[in-house]
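Everything below belongs to work-v7.cif, which stores mmCIF, C-alpha atoms.
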```
data_query
#
loop_
_atom_site.label_atom_id
_atom_site.label_comp_id
_atom_site.auth_asym_id
_atom_site.auth_seq_id
_atom_site.Cartn_x
_atom_site.Cartn_y
_atom_site.Cartn_z
CA MET I 130 29.25 10.76 30.44
CA ASN I 131 32.44 9.06 31.63
CA ARG I 132 31.37 5.43 31.48
CA LYS I 133 33.76 3.13 29.65
CA LEU I 134 32.86 0.17 27.49
CA ASP I 135 32.49 -3.11 29.38
CA GLU I 136 34.57 -5.66 27.45
CA ASN I 137 32.72 -8.62 28.98
CA ARG I 138 29.36 -7.29 27.88
CA ILE I 139 30.68 -6.62 24.39
CA LYS I 140 31.94 -10.22 24.15
CA GLU I 141 28.48 -11.38 25.22
CA GLY I 142 27.33 -10.01 21.90
CA VAL I 143 23.95 -8.37 22.56
CA GLY I 144 22.43 -7.12 19.33
CA GLY I 145 19.12 -7.05 17.54
CA GLN I 146 16.79 -5.28 15.17
CA ALA I 147 13.61 -3.27 15.08
CA VAL I 148 10.39 -5.10 14.19
CA ILE I 149 6.79 -4.00 13.79
CA GLU I 150 5.88 -2.11 16.98
CA GLY I 151 8.74 -3.69 18.84
CA ILE I 152 12.30 -4.92 19.12
CA MET I 153 14.21 -8.16 18.87
CA LEU I 154 17.30 -8.54 21.04
CA ARG I 155 19.62 -11.53 21.14
CA ASN I 156 22.83 -12.75 22.68
CA LYS I 157 24.75 -15.99 22.11
CA SER I 158 22.22 -18.18 23.91
CA HIS I 159 18.75 -16.61 23.53
CA TYR I 160 16.65 -14.12 21.66
CA VAL I 161 13.67 -12.07 22.79
CA VAL I 162 11.03 -10.30 20.73
CA ALA I 163 9.01 -7.68 22.61
CA VAL I 164 6.03 -6.07 20.88
CA ARG I 165 3.51 -3.40 21.84
CA LYS I 166 0.00 -4.80 21.45
CA PRO I 167 -3.04 -2.75 20.34
CA ASP I 168 -4.16 -2.58 24.00
CA LYS I 169 -0.77 -0.90 24.77
CA GLN I 170 0.48 -3.85 26.80
CA ILE I 171 3.83 -5.46 25.92
CA ASP I 172 3.98 -9.13 25.01
CA PHE I 173 7.07 -11.17 24.22
CA ILE I 174 8.56 -14.47 23.19
CA LYS I 175 11.88 -15.82 24.39
CA GLN I 176 13.63 -18.79 22.85
CA SER I 177 17.03 -20.39 23.06
CA ILE I 178 19.39 -20.28 20.09
CA PRO I 179 20.73 -23.75 19.29
CA GLU I 180 24.46 -24.02 18.85
CA ASN I 181 25.44 -23.85 15.22
CA LYS I 182 27.49 -27.00 14.61
CA ASN I 183 28.23 -26.06 11.03
CA LYS I 184 32.03 -25.80 10.78
CA LEU I 185 31.63 -22.98 8.26
CA SER I 186 30.05 -20.80 10.98
CA LYS I 187 33.46 -20.61 12.68
CA MET I 188 35.58 -20.02 9.58
CA PRO I 189 36.47 -16.45 8.56
CA PHE I 190 34.63 -15.19 5.45
CA PHE I 191 32.34 -18.25 5.41
CA ARG I 192 30.87 -17.37 8.81
CA GLY I 193 29.55 -14.11 7.43
CA VAL I 194 27.43 -15.97 4.89
CA VAL I 195 26.19 -18.51 7.46
CA ASN I 196 25.35 -15.79 10.00
CA PHE I 197 23.61 -13.71 7.34
CA ILE I 198 21.37 -16.66 6.41
CA ASP I 199 20.64 -17.37 10.09
CA MET I 200 19.73 -13.72 10.68
CA MET I 201 17.44 -13.75 7.64
CA LYS I 202 15.60 -16.77 9.07
CA LEU I 203 15.37 -15.23 12.53
CA GLY I 204 14.33 -11.88 11.07
CA TYR I 205 11.52 -13.56 9.14
CA LYS I 206 10.28 -15.33 12.27
CA THR I 207 10.38 -12.19 14.42
CA LEU I 208 8.55 -10.16 11.78
CA VAL I 209 5.75 -12.72 11.63
CA PHE I 210 5.38 -12.66 15.41
CA SER I 211 5.49 -8.87 15.61
CA ALA I 212 2.91 -8.49 12.83
CA ASN I 213 0.59 -10.96 14.56
CA THR I 214 1.04 -9.38 18.00
CA ALA I 215 0.72 -5.79 16.78
CA GLY I 216 -2.62 -6.74 15.20
CA LEU I 217 -1.79 -5.96 11.58
CA GLU I 218 -3.26 -9.21 10.28
CA GLU I 219 -6.55 -8.57 12.07
CA GLU I 220 -6.73 -5.09 10.55
CA ASP I 221 -6.06 -6.41 7.04
CA ALA I 222 -8.61 -9.19 7.48
CA LYS I 223 -11.25 -6.71 8.62
CA LYS I 224 -10.59 -4.42 5.65
CA GLU I 225 -10.96 -7.32 3.22
CA ASN I 226 -13.79 -8.99 5.20
CA LYS I 227 -11.79 -12.22 5.31
CA PRO I 228 -11.23 -14.54 8.28
CA LYS I 229 -7.70 -14.54 9.60
CA SER I 230 -5.69 -17.60 8.54
CA GLU I 231 -2.27 -18.37 9.99
CA LYS I 232 -1.45 -20.50 6.96
CA ASN I 233 -2.35 -17.65 4.61
CA ASP I 234 -0.35 -15.23 6.75
CA SER I 235 2.73 -17.45 6.48
CA ILE I 236 2.37 -17.82 2.72
CA ALA I 237 1.83 -14.08 2.30
CA MET I 238 4.88 -13.27 4.42
CA THR I 239 7.03 -15.74 2.46
CA LEU I 240 5.91 -14.27 -0.85
CA SER I 241 6.53 -10.79 0.52
CA MET I 242 10.10 -11.74 1.51
CA LEU I 243 10.80 -13.24 -1.93
CA VAL I 244 9.40 -10.18 -3.68
CA SER I 245 11.47 -7.92 -1.41
CA LEU I 246 14.63 -9.91 -2.22
CA ALA I 247 13.93 -9.71 -5.95
CA PHE I 248 13.23 -5.98 -5.59
CA ALA I 249 16.54 -5.43 -3.76
CA VAL I 250 18.51 -7.32 -6.43
CA GLY I 251 16.79 -5.34 -9.17
CA LEU I 252 17.17 -1.97 -7.48
CA PHE I 253 20.72 -2.22 -6.15
CA ILE I 254 22.38 -4.56 -8.67
CA ALA I 255 20.54 -4.64 -11.99
CA LEU I 256 19.39 -1.01 -12.20
CA PRO I 257 22.81 0.61 -11.50
CA TYR I 258 24.41 -1.74 -14.01
CA PHE I 259 22.05 -0.91 -16.84
CA ILE I 260 22.09 2.83 -16.06
CA THR I 261 25.88 2.73 -16.36
CA THR I 262 25.68 0.93 -19.71
CA LEU I 263 23.29 3.63 -20.96
CA ILE I 264 25.84 6.33 -20.07
CA GLY I 265 28.08 4.89 -22.78
CA ILE I 266 31.16 3.75 -20.83
CA ASN I 267 32.71 0.72 -22.50
CA GLU I 268 32.82 -1.97 -19.83
CA LYS I 269 35.25 -4.18 -21.73
CA GLU I 270 37.85 -1.48 -22.37
CA ASN I 271 37.33 0.64 -19.22
CA PHE I 272 36.16 -1.83 -16.60
CA VAL I 273 37.62 0.21 -13.70
CA ILE I 274 35.89 3.45 -14.70
CA PHE I 275 32.71 1.54 -15.56
CA ASN I 276 32.50 -0.09 -12.14
CA LEU I 277 33.40 3.08 -10.24
CA ALA I 278 30.59 4.87 -12.06
CA ARG I 279 28.22 1.98 -11.39
CA GLY I 280 29.23 1.99 -7.72
CA GLY I 281 28.54 5.70 -7.42
CA ILE I 282 25.10 5.23 -8.96
CA LYS I 283 24.43 2.25 -6.68
CA LEU I 284 25.31 4.21 -3.54
CA ALA I 285 23.22 7.18 -4.69
CA ILE I 286 20.19 4.91 -5.25
CA PHE I 287 20.68 3.32 -1.82
CA VAL I 288 20.83 6.65 0.02
CA LEU I 289 17.90 8.05 -1.99
CA TYR I 290 15.85 4.93 -1.23
CA LEU I 291 16.48 5.30 2.52
CA LEU I 292 15.58 8.98 2.42
CA ILE I 293 12.32 8.34 0.56
CA ILE I 294 11.05 5.54 2.81
CA SER I 295 12.02 7.54 5.92
CA PHE I 296 9.11 9.89 5.18
CA TYR I 297 6.52 7.11 5.53
CA LYS I 298 4.76 7.15 8.89
CA ASP I 299 5.09 3.41 9.57
CA ILE I 300 8.77 3.39 8.58
CA LYS I 301 9.45 6.38 10.85
CA ARG I 302 8.03 4.34 13.71
CA VAL I 303 10.32 1.39 12.85
CA PHE I 304 13.32 3.76 12.65
CA GLU I 305 12.42 5.06 16.13
CA TYR I 306 12.39 1.52 17.50
CA HIS I 307 15.72 1.03 15.70
CA GLY I 308 17.07 4.03 17.60
CA ALA I 309 15.72 2.67 20.89
CA GLU I 310 17.43 -0.66 20.25
CA HIS I 311 20.79 1.04 19.67
CA MET I 312 20.45 3.28 22.73
CA VAL I 313 19.69 0.35 25.02
CA VAL I 314 22.52 -1.79 23.60
CA ASN I 315 24.95 1.13 23.88
CA ALA I 316 23.88 1.74 27.47
CA TYR I 317 24.26 -1.94 28.33
CA GLU I 318 27.72 -2.13 26.75
CA HIS I 319 28.74 0.87 28.86
CA GLY I 320 27.86 -1.02 32.06
CA LEU I 321 24.33 0.27 32.62
CA ASN I 322 21.62 -2.12 33.82
CA PRO I 323 18.22 -1.99 32.09
CA ASP I 324 16.42 -0.72 35.19
CA THR I 325 18.83 2.08 36.08
CA GLY I 326 20.28 5.25 34.61
CA ASN I 327 19.19 7.58 31.85
CA ILE I 328 19.01 5.67 28.57
CA ARG I 329 18.51 8.91 26.64
CA GLU I 330 22.12 9.87 27.35
CA TYR I 331 23.24 7.26 24.82
CA THR I 332 23.47 7.58 21.05
CA THR I 333 21.26 5.92 18.45
CA ILE I 334 24.40 5.05 16.43
CA HIS I 335 26.12 1.68 16.78
CA PRO I 336 29.08 0.24 14.80
CA ARG I 337 27.56 -3.25 14.45
CA CYS I 338 24.33 -1.99 12.87
CA GLY I 339 22.89 -3.68 9.81
CA THR I 340 22.88 -0.33 8.02
CA THR I 341 26.67 -0.21 8.31
CA PHE I 342 26.81 -3.80 7.08
CA MET I 343 24.66 -2.94 4.04
CA PHE I 344 26.92 -0.02 3.16
CA LEU I 345 29.97 -2.28 3.43
CA VAL I 346 28.26 -4.81 1.12
CA LEU I 347 27.71 -2.09 -1.47
CA THR I 348 31.28 -0.81 -1.15
CA VAL I 349 32.90 -4.25 -1.32
CA SER I 350 30.74 -5.12 -4.32
CA ILE I 351 32.11 -2.10 -6.21
CA LEU I 352 35.67 -3.40 -5.81
CA LEU I 353 34.90 -7.07 -6.38
CA TYR I 354 32.74 -6.48 -9.44
CA MET I 355 35.63 -4.78 -11.21
CA PHE I 356 37.28 -8.20 -11.39
CA THR I 357 34.00 -9.69 -12.62
CA SER I 358 33.98 -7.43 -15.65
CA TYR I 359 37.64 -8.13 -16.29
CA PHE I 360 37.16 -11.90 -15.97
CA VAL I 361 34.14 -12.05 -18.29
CA TYR I 362 35.65 -10.04 -21.12
CA THR I 363 39.21 -11.36 -20.75
CA TYR I 364 38.49 -15.08 -20.34
CA ILE I 365 34.87 -16.03 -21.08
CA TYR I 366 34.57 -13.82 -24.16
CA ALA I 367 38.26 -13.63 -25.04
CA SER I 368 37.93 -15.06 -28.55
CA TYR I 369 34.90 -13.10 -29.73
CA THR I 370 32.71 -10.16 -28.82
CA PRO I 371 29.19 -11.28 -27.81
CA PRO I 372 26.03 -9.21 -28.38
CA LYS I 373 25.95 -6.44 -25.80
CA ILE I 374 22.90 -7.81 -23.99
CA VAL I 375 24.55 -11.26 -23.68
CA GLY I 376 27.70 -9.76 -22.15
CA ASN I 377 25.62 -7.61 -19.79
CA LEU I 378 23.52 -10.55 -18.59
CA THR I 379 26.64 -12.70 -18.09
CA VAL I 380 28.31 -10.09 -15.88
CA LEU I 381 25.05 -9.45 -14.00
CA SER I 382 24.49 -13.17 -13.35
CA ILE I 383 28.01 -13.62 -11.96
CA ASN I 384 27.55 -10.53 -9.78
CA ILE I 385 24.43 -12.07 -8.22
CA ILE I 386 26.22 -15.41 -7.69
CA LEU I 387 29.07 -13.56 -5.93
CA LEU I 388 26.73 -11.97 -3.35
CA PRO I 389 27.61 -14.56 -0.63
CA ILE I 390 31.32 -13.78 -1.09
CA VAL I 391 30.59 -10.05 -0.89
CA SER I 392 28.61 -10.50 2.32
CA GLY I 393 31.35 -12.72 3.82
CA ILE I 394 34.05 -10.10 3.21
CA SER I 395 31.79 -7.31 4.49
CA TYR I 396 31.08 -9.26 7.68
CA GLU I 397 34.79 -9.61 8.43
CA ILE I 398 35.36 -5.88 7.89
CA LEU I 399 32.45 -5.08 10.21
CA LYS I 400 33.87 -7.31 12.96
CA LEU I 401 37.31 -5.76 12.57
CA GLY I 402 35.78 -2.30 12.55
CA PHE I 403 34.15 -2.87 15.94
CA LYS I 404 37.12 -4.70 17.44
CA PHE I 405 39.61 -2.05 16.35
CA TYR I 406 37.24 0.90 16.45
CA ASN I 407 39.92 3.24 17.83
CA PHE I 408 42.19 2.70 14.82
CA PRO I 409 41.83 5.65 12.40
CA LEU I 410 41.73 3.42 9.29
CA MET I 411 38.89 1.31 10.67
CA ARG I 412 36.95 4.38 11.72
CA ILE I 413 37.23 5.72 8.20
CA ALA I 414 36.10 2.37 6.74
CA ILE I 415 32.85 2.25 8.73
CA LEU I 416 32.22 6.02 8.97
CA PRO I 417 29.84 6.19 5.95
CA GLY I 418 27.75 3.40 7.45
CA LEU I 419 27.56 5.25 10.76
CA LEU I 420 26.47 8.41 8.95
CA LEU I 421 23.72 6.47 7.17
CA GLN I 422 22.33 5.53 10.58
CA LYS I 423 21.36 9.18 10.87
CA ILE I 424 18.65 8.21 8.37
CA THR I 425 17.74 4.71 9.59
CA THR I 426 17.48 5.61 13.28
CA ARG I 427 15.37 8.25 15.02
CA ARG I 428 15.28 9.48 18.59
CA PRO I 429 12.66 7.19 20.14
CA LYS I 430 9.60 8.07 22.19
CA ASP I 431 9.26 6.96 25.80
CA ASP I 432 6.93 4.06 24.97
CA GLU I 433 9.44 2.74 22.41
CA ILE I 434 12.30 2.94 24.91
CA GLU I 435 10.07 1.06 27.37
CA VAL I 436 9.72 -1.81 24.88
CA ALA I 437 13.50 -1.90 24.29
CA LEU I 438 14.24 -1.99 28.03
CA PHE I 439 11.58 -4.67 28.50
CA ALA I 440 13.23 -6.80 25.80
CA LEU I 441 16.66 -6.42 27.39
CA SER I 442 15.38 -7.25 30.88
CA LYS I 443 13.76 -10.47 29.61
CA LEU I 444 16.90 -11.40 27.66
CA LEU I 445 19.13 -10.99 30.71
CA ASP I 446 16.74 -12.57 33.23
CA ASN I 447 17.80 -16.21 33.53
CA SER I 448 14.70 -16.96 35.59
CA VAL I 449 12.53 -16.30 32.53
CA GLY I 450 12.28 -19.53 30.59
CA ASN I 451 11.43 -20.07 26.97
CA ARG I 452 8.16 -18.50 25.87
CA THR I 453 6.88 -19.45 22.44
CA GLU I 454 4.19 -18.12 20.11
CA GLU I 455 1.97 -20.97 21.31
CA ASP I 456 2.34 -19.77 24.90
CA VAL I 457 1.27 -16.29 23.81
CA LYS I 458 -1.83 -17.69 22.06
CA ASN I 459 -2.76 -19.77 25.11
CA ASP I 460 -2.51 -16.70 27.36
CA ILE I 461 -4.72 -14.74 24.96
CA ASN I 462 -7.31 -17.53 24.90
CA LYS I 463 -7.31 -17.70 28.71
CA THR I 464 -7.77 -13.94 28.96
CA GLU I 465 -10.60 -13.98 26.42
CA GLY I 466 -12.25 -16.91 28.22
CA GLN I 467 -12.03 -15.11 31.55
CA SER I 468 -13.55 -11.97 29.99
CA ASN I 469 -16.45 -13.96 28.52
CA LEU I 470 -17.08 -15.60 31.90
CA GLU I 471 -17.11 -12.24 33.67
CA GLU I 472 -19.57 -10.86 31.11
CA LYS I 473 -21.93 -13.84 31.66
CA LEU I 474 -21.73 -13.44 35.44
CA CYS I 475 -22.55 -9.77 35.12
CA VAL I 476 -25.59 -10.58 33.02
#
```

Render the structure in this file as structure tokens.
Amino acid sequence: MNRKLDENRIKEGVGGQAVIEGIMLRNKSHYVVAVRKPDKQIDFIKQSIPENKNKLSKMPFFRGVVNFIDMMKLGYKTLVFSANTAGLEEEDAKKENKPKSEKNDSIAMTLSMLVSLAFAVGLFIALPYFITTLIGINEKENFVIFNLARGGIKLAIFVLYLLIISFYKDIKRVFEYHGAEHMVVNAYEHGLNPDTGNIREYTTIHPRCGTTFMFLVLTVSILLYMFTSYFVYTYIYASYTPPKIVGNLTVLSINIILLPIVSGISYEILKLGFKFYNFPLMRIAILPGLLLQKITTRRPKDDEIEVALFALSKLLDNSVGNRTEEDVKNDINKTEGQSNLEEKLCV
């Protein structure tokens, strides 16, 4: 494969994520979510992305935090649409013999996101910290060794977590869609159009992946949190030694508060890593994240690649206007009404 990267297409910034039974793709102006319905047809929404007028979104280090928040909001919205379209809510409602409620679905999804966030903080921040304290390393006297040990435990937990969830059937399916997303984006950035060429020639690994970003967040946090320990025990508790649990909770609280700074630094490293990918130092910096994608992506099936190509074609087609969730519902109601009419005529 001798195709070279198309710089114009890279600047266009096509990226995305896997969702339930589908894929979200976006560029600077629009995003598309394409989802495989229970009847095997593909449905989609397409909406414009309003220009972010927040000055912080253009400032280095701050823009990483702003973009991360925006992606969290968009990710939440796309997950809700994909869950609705894939029919998961109907299945849950049938199992519990409850009528489907969009309001209840929204509340449940919000609670689920909050619980997931709390779980992530507990698993990847609190747990490694307290495991390290149990080992017996004195954080005040050996803050460098303490935080290196904590970082090693944190990374081990992260990799183990990915490996465990990768065995679940539903997660495997999401990881396959993740692979399809990367293959299509890689193909597009190498000059291929969505309706031509062999997409399977392209890799499921991509430097801008969220998995790489998460690894960078963990790595940057190891380095930054060394200074947290030093600051707490050198300045806050300089005059006296607090009870161990008080010192631990103080450091842990500051670590959580510093998460936006960690994500901002990680975002800048990720952008540099992709921009200067041919530089050996940058390749080394993002290499572990690329290797982790061996876990979070799978070689997709043909029907999953079809959804990814469908999403890309709708994203690039300027003749396709905005299509909202309400438009999807109206189309479904029209189809159901037509079916009912045909049944009556047959009778």

Using only C-alpha atoms, collect all residues at a distance of at most 9 Å from (7.4, -2.7, 29.0) as written in the file, then present them as a list in words.
->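 Nearby residues: Ala163, Val164, Arg165, Gln170, Ile171, Asp172, Asp432, Glu433, Ile434, Glu435, Val436, Ala437, Leu438, Phe439 and Ala440 of chain I.
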
Residue with the minimum atom-to-atom distance to I:Leu441, picked from I:Val161, I:Val346, I:Met188, I:Ala247 with all atoms listed in the file counted, is I:Val161

Selected residue of minimal separation from I:Met201 among I:Leu243, I:Met411, I:Ile174, I:Leu399, counting only C-alpha atoms = I:Leu243

Considering all atoms listed in the file, state which residue in the set I:Lys400, I:Val375, I:Lys166, I:Phe356 is at the smallest distance from I:Leu387.
-> I:Phe356

Can you work out the spacing between atom CA of I:Val457 and atom CA of I:Phe173 in Å, to one decimal?
->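 About the pair atom CA of I:Val457 and atom CA of I:Phe173: they are 7.7 Å apart.
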
Starting from the shown file, work through the PyMOL selection byres ((chain I and resi 304) around 8) and note down what comes out as number ranges by chain.
-> I: 147, 295, 300-303, 305-308, 425-427

State, in Å with one decimal place, the distance from atom CA of I:Val391 to atom CA of I:Glu136.
-> 29.0 Å

Who sits within 8 Å of I:Leu444, only C-alpha atoms, same chain under 6 positions skipped, as a ChimeraX atom specification = /I:154-156,159-161,175

Shortest interatomic distance to I:Glu268 - which of I:Ser358, I:Thr207, I:Ser186, I:Ser245, counting only C-alpha atoms = I:Ser358

Grab stretch 281-296 of chain I from that structure and dump N, CA, C and O atoms to a file, as a PDB file, in the first residue's frame.
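So decode22.pdb came out as:
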```
ATOM      1  N   GLY I 281       2.618   2.846  38.606  1.00  0.00           N
ATOM      2  CA  GLY I 281       2.704   1.484  38.080  1.00  0.00           C
ATOM      3  C   GLY I 281       1.453   0.685  38.395  1.00  0.00           C
ATOM      4  O   GLY I 281       0.936  -0.053  37.543  1.00  0.00           O
ATOM      5  N   ILE I 282       0.947   0.834  39.609  1.00  0.00           N
ATOM      6  CA  ILE I 282      -0.279   0.139  40.004  1.00  0.00           C
ATOM      7  C   ILE I 282      -1.465   0.653  39.183  1.00  0.00           C
ATOM      8  O   ILE I 282      -2.316  -0.119  38.737  1.00  0.00           O
ATOM      9  N   LYS I 283      -1.508   1.971  38.977  1.00  0.00           N
ATOM     10  CA  LYS I 283      -2.594   2.586  38.211  1.00  0.00           C
ATOM     11  C   LYS I 283      -2.622   2.048  36.781  1.00  0.00           C
ATOM     12  O   LYS I 283      -3.694   1.696  36.256  1.00  0.00           O
ATOM     13  N   LEU I 284      -1.459   2.001  36.144  1.00  0.00           N
ATOM     14  CA  LEU I 284      -1.385   1.498  34.767  1.00  0.00           C
ATOM     15  C   LEU I 284      -1.761   0.029  34.698  1.00  0.00           C
ATOM     16  O   LEU I 284      -2.434  -0.420  33.765  1.00  0.00           O
ATOM     17  N   ALA I 285      -1.331  -0.744  35.690  1.00  0.00           N
ATOM     18  CA  ALA I 285      -1.651  -2.174  35.727  1.00  0.00           C
ATOM     19  C   ALA I 285      -3.162  -2.382  35.853  1.00  0.00           C
ATOM     20  O   ALA I 285      -3.745  -3.253  35.179  1.00  0.00           O
ATOM     21  N   ILE I 286      -3.806  -1.585  36.707  1.00  0.00           N
ATOM     22  CA  ILE I 286      -5.261  -1.679  36.879  1.00  0.00           C
ATOM     23  C   ILE I 286      -5.970  -1.318  35.582  1.00  0.00           C
ATOM     24  O   ILE I 286      -6.941  -1.975  35.181  1.00  0.00           O
ATOM     25  N   PHE I 287      -5.476  -0.275  34.909  1.00  0.00           N
ATOM     26  CA  PHE I 287      -6.096   0.181  33.656  1.00  0.00           C
ATOM     27  C   PHE I 287      -6.031  -0.904  32.582  1.00  0.00           C
ATOM     28  O   PHE I 287      -7.044  -1.215  31.932  1.00  0.00           O
ATOM     29  N   VAL I 288      -4.854  -1.490  32.400  1.00  0.00           N
ATOM     30  CA  VAL I 288      -4.691  -2.537  31.388  1.00  0.00           C
ATOM     31  C   VAL I 288      -5.524  -3.759  31.751  1.00  0.00           C
ATOM     32  O   VAL I 288      -6.194  -4.361  30.893  1.00  0.00           O
ATOM     33  N   LEU I 289      -5.513  -4.149  33.022  1.00  0.00           N
ATOM     34  CA  LEU I 289      -6.289  -5.304  33.471  1.00  0.00           C
ATOM     35  C   LEU I 289      -7.778  -5.066  33.261  1.00  0.00           C
ATOM     36  O   LEU I 289      -8.509  -5.970  32.828  1.00  0.00           O
ATOM     37  N   TYR I 290      -8.231  -3.864  33.536  1.00  0.00           N
ATOM     38  CA  TYR I 290      -9.641  -3.511  33.342  1.00  0.00           C
ATOM     39  C   TYR I 290     -10.039  -3.670  31.871  1.00  0.00           C
ATOM     40  O   TYR I 290     -11.084  -4.251  31.548  1.00  0.00           O
ATOM     41  N   LEU I 291      -9.194  -3.146  30.962  1.00  0.00           N
ATOM     42  CA  LEU I 291      -9.487  -3.268  29.530  1.00  0.00           C
ATOM     43  C   LEU I 291      -9.521  -4.726  29.089  1.00  0.00           C
ATOM     44  O   LEU I 291     -10.378  -5.125  28.294  1.00  0.00           O
ATOM     45  N   LEU I 292      -8.586  -5.506  29.594  1.00  0.00           N
ATOM     46  CA  LEU I 292      -8.544  -6.926  29.230  1.00  0.00           C
ATOM     47  C   LEU I 292      -9.786  -7.661  29.705  1.00  0.00           C
ATOM     48  O   LEU I 292     -10.361  -8.483  28.980  1.00  0.00           O
ATOM     49  N   ILE I 293     -10.225  -7.370  30.922  1.00  0.00           N
ATOM     50  CA  ILE I 293     -11.398  -8.063  31.476  1.00  0.00           C
ATOM     51  C   ILE I 293     -12.659  -7.729  30.686  1.00  0.00           C
ATOM     52  O   ILE I 293     -13.420  -8.619  30.291  1.00  0.00           O
ATOM     53  N   ILE I 294     -12.908  -6.427  30.443  1.00  0.00           N
ATOM     54  CA  ILE I 294     -14.148  -6.060  29.748  1.00  0.00           C
ATOM     55  C   ILE I 294     -14.127  -6.499  28.289  1.00  0.00           C
ATOM     56  O   ILE I 294     -15.183  -6.659  27.671  1.00  0.00           O
ATOM     57  N   SER I 295     -12.927  -6.724  27.734  1.00  0.00           N
ATOM     58  CA  SER I 295     -12.838  -7.133  26.327  1.00  0.00           C
ATOM     59  C   SER I 295     -13.408  -8.528  26.093  1.00  0.00           C
ATOM     60  O   SER I 295     -13.667  -8.911  24.956  1.00  0.00           O
ATOM     61  N   PHE I 296     -13.606  -9.300  27.172  1.00  0.00           N
ATOM     62  CA  PHE I 296     -14.168 -10.643  27.031  1.00  0.00           C
ATOM     63  C   PHE I 296     -15.696 -10.635  26.998  1.00  0.00           C
ATOM     64  O   PHE I 296     -16.305 -11.643  26.669  1.00  0.00           O
TER      65      PHE I 296
END
```
